[in-house]
Amino acid sequence: MYDKSVRRRRVALALLVACSLLLLTAYFGESQGGGLHSVQRGVLQVVTPIQEGASRALKPVRDLFGWFGDTINAKSEVAGLKKQNAVLRRDAIAGSDAVRMNAELQKLVGLDQSAGLQGTRPVAARVIGGSPTIWNSTISIDVGTGDGVRVGQPAITGDGLVGEVTFAASDSAVVTLITDSSSAVPARISRTGAPGIVQTGPGGPSDLRFNWPAGTGRIDRGMAIVTAGTTSSSDKYESLYPPGIPVGVVTRVDDAGTDTQQVHVDPYADMQRLEFVQVLTRRVNGNRG
Amino acid sequence: MTADVRSLTWRLAVLGIVTVLVQIAAISQLKLLGANADLTPLVVAAAGLLAGSLPGAAFGFAVGLFLDLALVQTVGMSSLIFLTVGYGAGRLRELRDPQGAVVPIVVGVLATVVAQLGFALMQFLLGKDVPMDIDLIWQIVLTVGINAVIAFPVYSLVRRWLLPALPEDPRRRRRRAYTTGGLSPLSRA
């Protein structure tokens, strides 16, 4: 009797482990339109309204938690912000001159900047869920293919770039944040134009790295990093992101000036507290500047 | 299938669905110092501790599968991790039957650590870059800490929900005899 129950337990456990491994293998082997992906799409559609309701209902609690976190963090940020402020003030003085020149140039070429922004056809979305583990930086949003959202489109907030749509169902989608280890954003230093790639670093979600070829100029703390857009003339190498979207600010440069230098970047968008995002549903001029 | 098993099955099913929905729609969005509680390993461990290794493993598998489907993650990954957690907690009950008040907290913390390390290992095995640094370790420690705080209330809730469907426990029967009107042997003497 005892042997029988032990045998039954072991068989059941082996079956469950085998099922998990089979699912893993099948999921990796199939395309986006495969059976398991379709089931995921179906589950997402069922879960979305519940997530949406819970997200709205829990806003006050979320704000309370955010207030606690902000209070603890604020003290340690003051010194850093003071230094950053000094750098930004210098930039602002230099920038005001550039703005004047820019306005004149815009008049010259008749560039309609607002038309360019509208051209990307942004779709506003509410964030209705997030991944519970720190190993997957994803959020769920309440717009999907029915609203024109497709896989590969960029998501932004008023502060800057958030990530890229990696899964889209009819009325919801999943955005993989730029803080996910699978994310890589072609970017450039706003002031100097030095190109590079923004990727997650071996640290927390607010510590990205700007990887750039050595010898293409100096990078200092406080410099802004924006998306580079498509730099290649070939259509095969189009960037997912339009040029000029703010990504983050350089917070630290380790081993500056050497081949092993590390440029730390703090994203402008607050990934811990995303409520609304915009998905840019249309590419303009292949995301070229 | 007996009535007890049927009752336990539907109670576990409801518990699993509610846990995953609460986790992804609510708990995941409540960040404290950049980390959030992870309800799933706590509930799976509590279910294993109360119902045994086999129901624990099956419950862990189902919860993991639902989580992977709802979060559009790699299907099968969370199932494998949570079935380990559920089975481990169940075996602990079957082999040692620990009774201390801190058992749910210790098991909850261990379940969270196993889940976090399991996810890291799976990411590594699946070829994803695993960023390991002091900040990340700090986040894991914070998640484990938050889970340690909520482990006991979560265990109590799970126990309360599953209790009507669990097989009669001799210790519970003994305790009830003293507290539900009957005289204790001491007062009778």
# chains A, B, ... in the order shown; residues from 1 in each chain; ligands from 1
$ interface_residues --of "chain B" --to "chain A" --cutoff "9 Å" --atoms "only C-alpha atoms" --output "tab-separated table (two decimals) with N, CA and C atoms, in the first residue's frame"
chain	number	residue	atom	x	y	z
B	21	LEU	N	-4.46	36.58	-10.42
B	21	LEU	CA	-5.08	37.86	-10.81
B	21	LEU	C	-4.69	38.97	-9.85
B	22	VAL	N	-4.72	38.68	-8.55
B	22	VAL	CA	-4.34	39.70	-7.56
B	22	VAL	C	-2.87	40.08	-7.74
B	23	GLN	N	-2.05	39.07	-8.01
B	23	GLN	CA	-0.60	39.33	-8.17
B	23	GLN	C	-0.33	40.25	-9.36
B	24	ILE	N	-0.88	39.89	-10.54
B	24	ILE	CA	-0.51	40.66	-11.73
B	24	ILE	C	-1.25	42.00	-11.82
B	25	ALA	N	-2.47	42.04	-11.27
B	25	ALA	CA	-3.24	43.28	-11.42
B	25	ALA	C	-2.99	44.25	-10.27
B	26	ALA	N	-2.58	43.75	-9.12
B	26	ALA	CA	-2.47	44.64	-7.97
B	26	ALA	C	-1.08	44.62	-7.34
B	27	ILE	N	-0.67	43.48	-6.83
B	27	ILE	CA	0.56	43.42	-6.03
B	27	ILE	C	1.79	43.84	-6.85
B	28	SER	N	1.82	43.43	-8.12
B	28	SER	CA	3.00	43.76	-8.95
B	28	SER	C	3.17	45.26	-9.13
B	29	GLN	N	2.08	46.00	-8.98
B	29	GLN	CA	2.16	47.45	-9.21
B	29	GLN	C	2.42	48.23	-7.92
B	30	LEU	N	2.44	47.53	-6.79
B	30	LEU	CA	2.71	48.21	-5.53
B	30	LEU	C	4.19	48.03	-5.18
B	31	LYS	N	4.99	49.01	-5.58
B	31	LYS	CA	6.44	48.91	-5.37
B	31	LYS	C	6.84	49.60	-4.07
B	32	LEU	N	7.73	48.97	-3.34
B	32	LEU	CA	8.30	49.59	-2.16
B	32	LEU	C	9.82	49.53	-2.34
B	33	LEU	N	10.44	50.70	-2.48
B	33	LEU	CA	11.88	50.80	-2.76
B	33	LEU	C	12.28	50.00	-3.99
B	34	GLY	N	11.40	49.99	-4.96
B	34	GLY	CA	11.72	49.33	-6.23
B	34	GLY	C	11.40	47.85	-6.27
B	35	ALA	N	10.98	47.27	-5.15
B	35	ALA	CA	10.66	45.84	-5.15
B	35	ALA	C	9.19	45.66	-4.77
B	36	ASN	N	8.65	44.51	-5.12
B	36	ASN	CA	7.27	44.24	-4.71
B	36	ASN	C	7.14	42.83	-4.14
B	37	ALA	N	6.05	42.61	-3.43
B	37	ALA	CA	5.82	41.28	-2.86
B	37	ALA	C	5.54	40.29	-3.99
B	38	ASP	N	5.88	39.04	-3.77
B	38	ASP	CA	5.56	37.99	-4.75
B	38	ASP	C	4.69	36.96	-4.04
B	39	LEU	N	3.40	37.13	-4.27
B	39	LEU	CA	2.41	36.31	-3.57
B	39	LEU	C	2.45	34.85	-3.98
B	53	SER	N	2.28	16.84	-0.76
B	53	SER	CA	3.20	17.03	-1.88
B	53	SER	C	2.54	16.96	-3.26
B	54	LEU	N	1.66	15.99	-3.43
B	54	LEU	CA	1.05	15.83	-4.75
B	54	LEU	C	0.10	16.97	-5.11
B	57	ALA	N	2.29	20.04	-5.69
B	57	ALA	CA	2.99	20.07	-6.98
B	57	ALA	C	2.02	20.40	-8.12
B	58	ALA	N	0.85	19.75	-8.09
B	58	ALA	CA	-0.15	19.99	-9.15
B	58	ALA	C	-0.63	21.44	-9.11
B	61	PHE	N	2.13	23.70	-10.46
B	61	PHE	CA	2.19	23.59	-11.92
B	61	PHE	C	1.09	24.44	-12.56
B	65	LEU	N	1.51	27.81	-14.80
B	65	LEU	CA	1.03	27.82	-16.20
B	65	LEU	C	0.13	29.03	-16.45
B	66	PHE	N	-0.79	29.29	-15.52
B	66	PHE	CA	-1.70	30.43	-15.66
B	66	PHE	C	-0.92	31.75	-15.65
B	68	ASP	N	2.22	32.22	-16.55
B	68	ASP	CA	2.96	32.37	-17.81
B	68	ASP	C	2.04	32.77	-18.96
B	69	LEU	N	0.84	32.22	-18.96
B	69	LEU	CA	-0.11	32.56	-20.03
B	69	LEU	C	-0.60	33.99	-19.88
B	70	ALA	N	-0.92	34.39	-18.66
B	70	ALA	CA	-1.47	35.73	-18.45
B	70	ALA	C	-0.43	36.82	-18.62
B	71	LEU	N	0.82	36.50	-18.34
B	71	LEU	CA	1.87	37.52	-18.43
B	71	LEU	C	2.66	37.45	-19.73
B	72	VAL	N	2.24	36.54	-20.62
B	72	VAL	CA	2.92	36.35	-21.91
B	72	VAL	C	4.42	36.10	-21.69
B	73	GLN	N	4.70	35.19	-20.77
B	73	GLN	CA	6.09	34.79	-20.53
B	73	GLN	C	6.32	33.44	-21.19
B	74	THR	N	7.55	32.94	-21.10
B	74	THR	CA	7.86	31.63	-21.66
B	74	THR	C	7.04	30.57	-20.94
B	75	VAL	N	6.14	29.93	-21.66
B	75	VAL	CA	5.22	28.95	-21.04
B	75	VAL	C	6.01	27.74	-20.55
B	76	GLY	N	5.74	27.34	-19.32
B	76	GLY	CA	6.39	26.16	-18.74
B	76	GLY	C	7.45	26.51	-17.72
B	77	MET	N	7.96	27.76	-17.79
B	77	MET	CA	9.04	28.15	-16.89
B	77	MET	C	8.55	28.27	-15.44
B	78	SER	N	7.50	29.07	-15.24
B	78	SER	CA	6.98	29.23	-13.88
B	78	SER	C	6.39	27.92	-13.37
B	79	SER	N	5.79	27.12	-14.29
B	79	SER	CA	5.21	25.82	-13.88
B	79	SER	C	6.27	24.96	-13.21
B	80	LEU	N	7.43	24.88	-13.86
B	80	LEU	CA	8.51	24.04	-13.36
B	80	LEU	C	8.99	24.53	-11.99
B	83	LEU	N	6.03	24.11	-9.30
B	83	LEU	CA	5.74	22.72	-8.91
B	83	LEU	C	6.83	22.22	-7.97
B	84	THR	N	8.06	22.71	-8.15
B	84	THR	CA	9.14	22.36	-7.22
B	84	THR	C	8.83	22.91	-5.83
B	87	TYR	N	5.81	20.97	-4.29
B	87	TYR	CA	6.20	19.61	-3.93
B	87	TYR	C	7.11	19.63	-2.69
B	116	GLN	N	13.01	32.82	-6.73
B	116	GLN	CA	13.89	33.86	-7.31
B	116	GLN	C	15.13	33.22	-7.96
B	119	PHE	N	14.14	31.32	-11.12
B	119	PHE	CA	13.94	32.19	-12.29
B	119	PHE	C	15.29	32.61	-12.88
B	120	ALA	N	16.24	32.95	-11.98
B	120	ALA	CA	17.57	33.35	-12.46
B	120	ALA	C	18.22	32.20	-13.23
B	123	GLN	N	16.51	31.67	-16.61
B	123	GLN	CA	16.91	32.70	-17.57
B	123	GLN	C	18.29	32.39	-18.14
B	128	LYS	N	19.18	33.88	-21.80
B	128	LYS	CA	18.98	35.32	-21.60
B	128	LYS	C	20.08	35.84	-20.69
B	129	ASP	N	20.48	37.10	-20.92
B	129	ASP	CA	21.49	37.68	-20.04
B	129	ASP	C	20.90	37.84	-18.64
B	130	VAL	N	21.63	37.36	-17.65
B	130	VAL	CA	21.17	37.53	-16.27
B	130	VAL	C	22.03	38.60	-15.61
B	131	PRO	N	21.47	39.81	-15.45
B	131	PRO	CA	22.27	40.86	-14.83
B	131	PRO	C	22.39	40.62	-13.33
B	132	MET	N	23.58	40.31	-12.87
B	132	MET	CA	23.79	40.03	-11.44
B	132	MET	C	24.68	41.10	-10.84
B	133	ASP	N	24.13	41.89	-9.97
B	133	ASP	CA	24.91	42.92	-9.34
B	133	ASP	C	24.35	43.15	-7.94
B	134	ILE	N	25.02	44.00	-7.20
B	134	ILE	CA	24.61	44.22	-5.81
B	134	ILE	C	23.20	44.80	-5.75
B	135	ASP	N	22.85	45.68	-6.72
B	135	ASP	CA	21.51	46.28	-6.73
B	135	ASP	C	20.44	45.22	-6.92
B	136	LEU	N	20.73	44.30	-7.82
B	136	LEU	CA	19.77	43.24	-8.11
B	136	LEU	C	19.62	42.30	-6.92
B	137	ILE	N	20.75	41.98	-6.32
B	137	ILE	CA	20.71	41.11	-5.14
B	137	ILE	C	19.93	41.82	-4.02
B	138	TRP	N	20.11	43.13	-3.93
B	138	TRP	CA	19.38	43.92	-2.95
B	138	TRP	C	17.87	43.83	-3.21
B	139	GLN	N	17.50	43.87	-4.48
B	139	GLN	CA	16.07	43.76	-4.82
B	139	GLN	C	15.52	42.39	-4.44
B	140	ILE	N	16.33	41.36	-4.67
B	140	ILE	CA	15.89	40.01	-4.30
B	140	ILE	C	15.72	39.91	-2.78
$ select_by_dssp --residues "range 141-263 of chain A" --states "helix (DSSP H, G or I)" --output "ChimeraX atom specification"
/A:145-147,235-237
$ closest_residue --among "B:Ala89, B:Val18, B:Leu95, B:Val144" --to "Pro55 in chain B" --atoms "only C-alpha atoms"
B:Ala89
$ residues_around --residues "Ser170 in chain A" --least-positions-apart "5" --cutoff "7 Å" --atoms "only C-alpha atoms" --output "list in words"
Gly144, Thr145 and Gly146 of chain A
$ write_last_selection --atoms "C-alpha atoms" --output "PDB file, in the first residue's frame"
ATOM      1  CA  GLY A 144      -4.103  46.215 -28.925  1.00  0.00           C
ATOM      2  CA  THR A 145      -4.277  45.346 -32.592  1.00  0.00           C
ATOM      3  CA  GLY A 146      -7.818  46.797 -32.743  1.00  0.00           C
TER       4      GLY A 146
END
$ residues_around --residues "Trp161 in chain B" --least-positions-apart "4" --cutoff "10 Å" --atoms "only C-alpha atoms" --output "mmCIF file with N, CA and C atoms, in the first residue's frame"
data_model
loop_
_atom_site.group_PDB
_atom_site.id
_atom_site.type_symbol
_atom_site.label_atom_id
_atom_site.label_comp_id
_atom_site.auth_asym_id
_atom_site.auth_seq_id
_atom_site.Cartn_x
_atom_site.Cartn_y
_atom_site.Cartn_z
ATOM 1 N N LEU B 8 -11.483 19.834 -2.541
ATOM 2 C CA LEU B 8 -10.125 20.393 -2.490
ATOM 3 C C LEU B 8 -9.711 20.920 -3.865
ATOM 4 N N ARG B 11 -11.458 24.232 -4.663
ATOM 5 C CA ARG B 11 -10.949 25.290 -3.782
ATOM 6 C C ARG B 11 -9.540 25.716 -4.222
ATOM 7 N N LEU B 12 -8.724 24.728 -4.592
ATOM 8 C CA LEU B 12 -7.380 25.064 -5.086
ATOM 9 C C LEU B 12 -7.456 25.844 -6.401
ATOM 10 N N VAL B 14 -9.895 27.860 -7.454
ATOM 11 C CA VAL B 14 -10.305 29.246 -7.165
ATOM 12 C C VAL B 14 -9.128 30.014 -6.560
ATOM 13 N N LEU B 15 -8.444 29.354 -5.619
ATOM 14 C CA LEU B 15 -7.297 30.001 -4.964
ATOM 15 C C LEU B 15 -6.221 30.390 -5.989
ATOM 16 N N TYR B 155 -0.478 32.654 4.726
ATOM 17 C CA TYR B 155 -0.681 31.254 5.132
ATOM 18 C C TYR B 155 -2.027 31.108 5.854
ATOM 19 N N SER B 156 -2.327 32.045 6.752
ATOM 20 C CA SER B 156 -3.589 31.965 7.506
ATOM 21 C C SER B 156 -4.793 32.019 6.575
ATOM 22 N N LEU B 157 -4.718 32.920 5.582
ATOM 23 C CA LEU B 157 -5.838 33.040 4.634
ATOM 24 C C LEU B 157 -6.003 31.755 3.821
ATOM 25 N N ALA B 165 -11.860 21.587 3.189
ATOM 26 C CA ALA B 165 -11.655 20.499 2.212
ATOM 27 C C ALA B 165 -10.490 19.595 2.586
ATOM 28 N N LEU B 166 -9.783 19.936 3.652
ATOM 29 C CA LEU B 166 -8.610 19.133 4.017
ATOM 30 C C LEU B 166 -9.032 17.909 4.831
#
$ closest_residue --among "B:Ser7, B:Thr19, B:Thr143, B:Thr40" --to "Gly86 in chain B" --atoms "only C-alpha atoms"
B:Thr40
$ closest_residue --among "A:Val165, A:Ile156, A:Ala98, A:Val265" --to "Phe210 in chain A" --atoms "only C-alpha atoms"
A:Val265
$ residues_around --residues "Pro153 in chain B" --least-positions-apart "6" --cutoff "12 Å" --atoms "only C-alpha atoms" --output "tab-separated table (two decimals) with C-alpha atoms, in the first residue's frame"
chain	number	residue	atom	x	y	z
B	39	LEU	CA	2.41	36.31	-3.57
B	42	LEU	CA	3.86	32.01	-0.70
B	43	VAL	CA	0.45	30.68	-1.72
B	46	ALA	CA	1.15	27.26	1.89
B	101	ALA	CA	4.37	29.14	14.64
B	102	VAL	CA	7.30	30.33	12.52
B	104	PRO	CA	4.85	29.29	7.54
B	105	ILE	CA	7.27	32.23	7.63
B	108	GLY	CA	7.48	31.22	2.76
B	147	ASN	CA	7.42	38.15	1.60
B	159	ARG	CA	-5.48	27.73	5.57
B	160	ARG	CA	-8.86	29.27	6.27
$ atom_distance --atom1 "CA of Val250 in chain A" --atom2 "CA of Asp266 in chain A"
6.4 Å
$ residues_around --residues "Pro195 in chain A" --least-positions-apart "3" --cutoff "8 Å" --atoms "only C-alpha atoms" --output "list in words"
Pro186, Ala187, Arg188, Ile189, Trp212, Pro213 and Ala228 of chain A
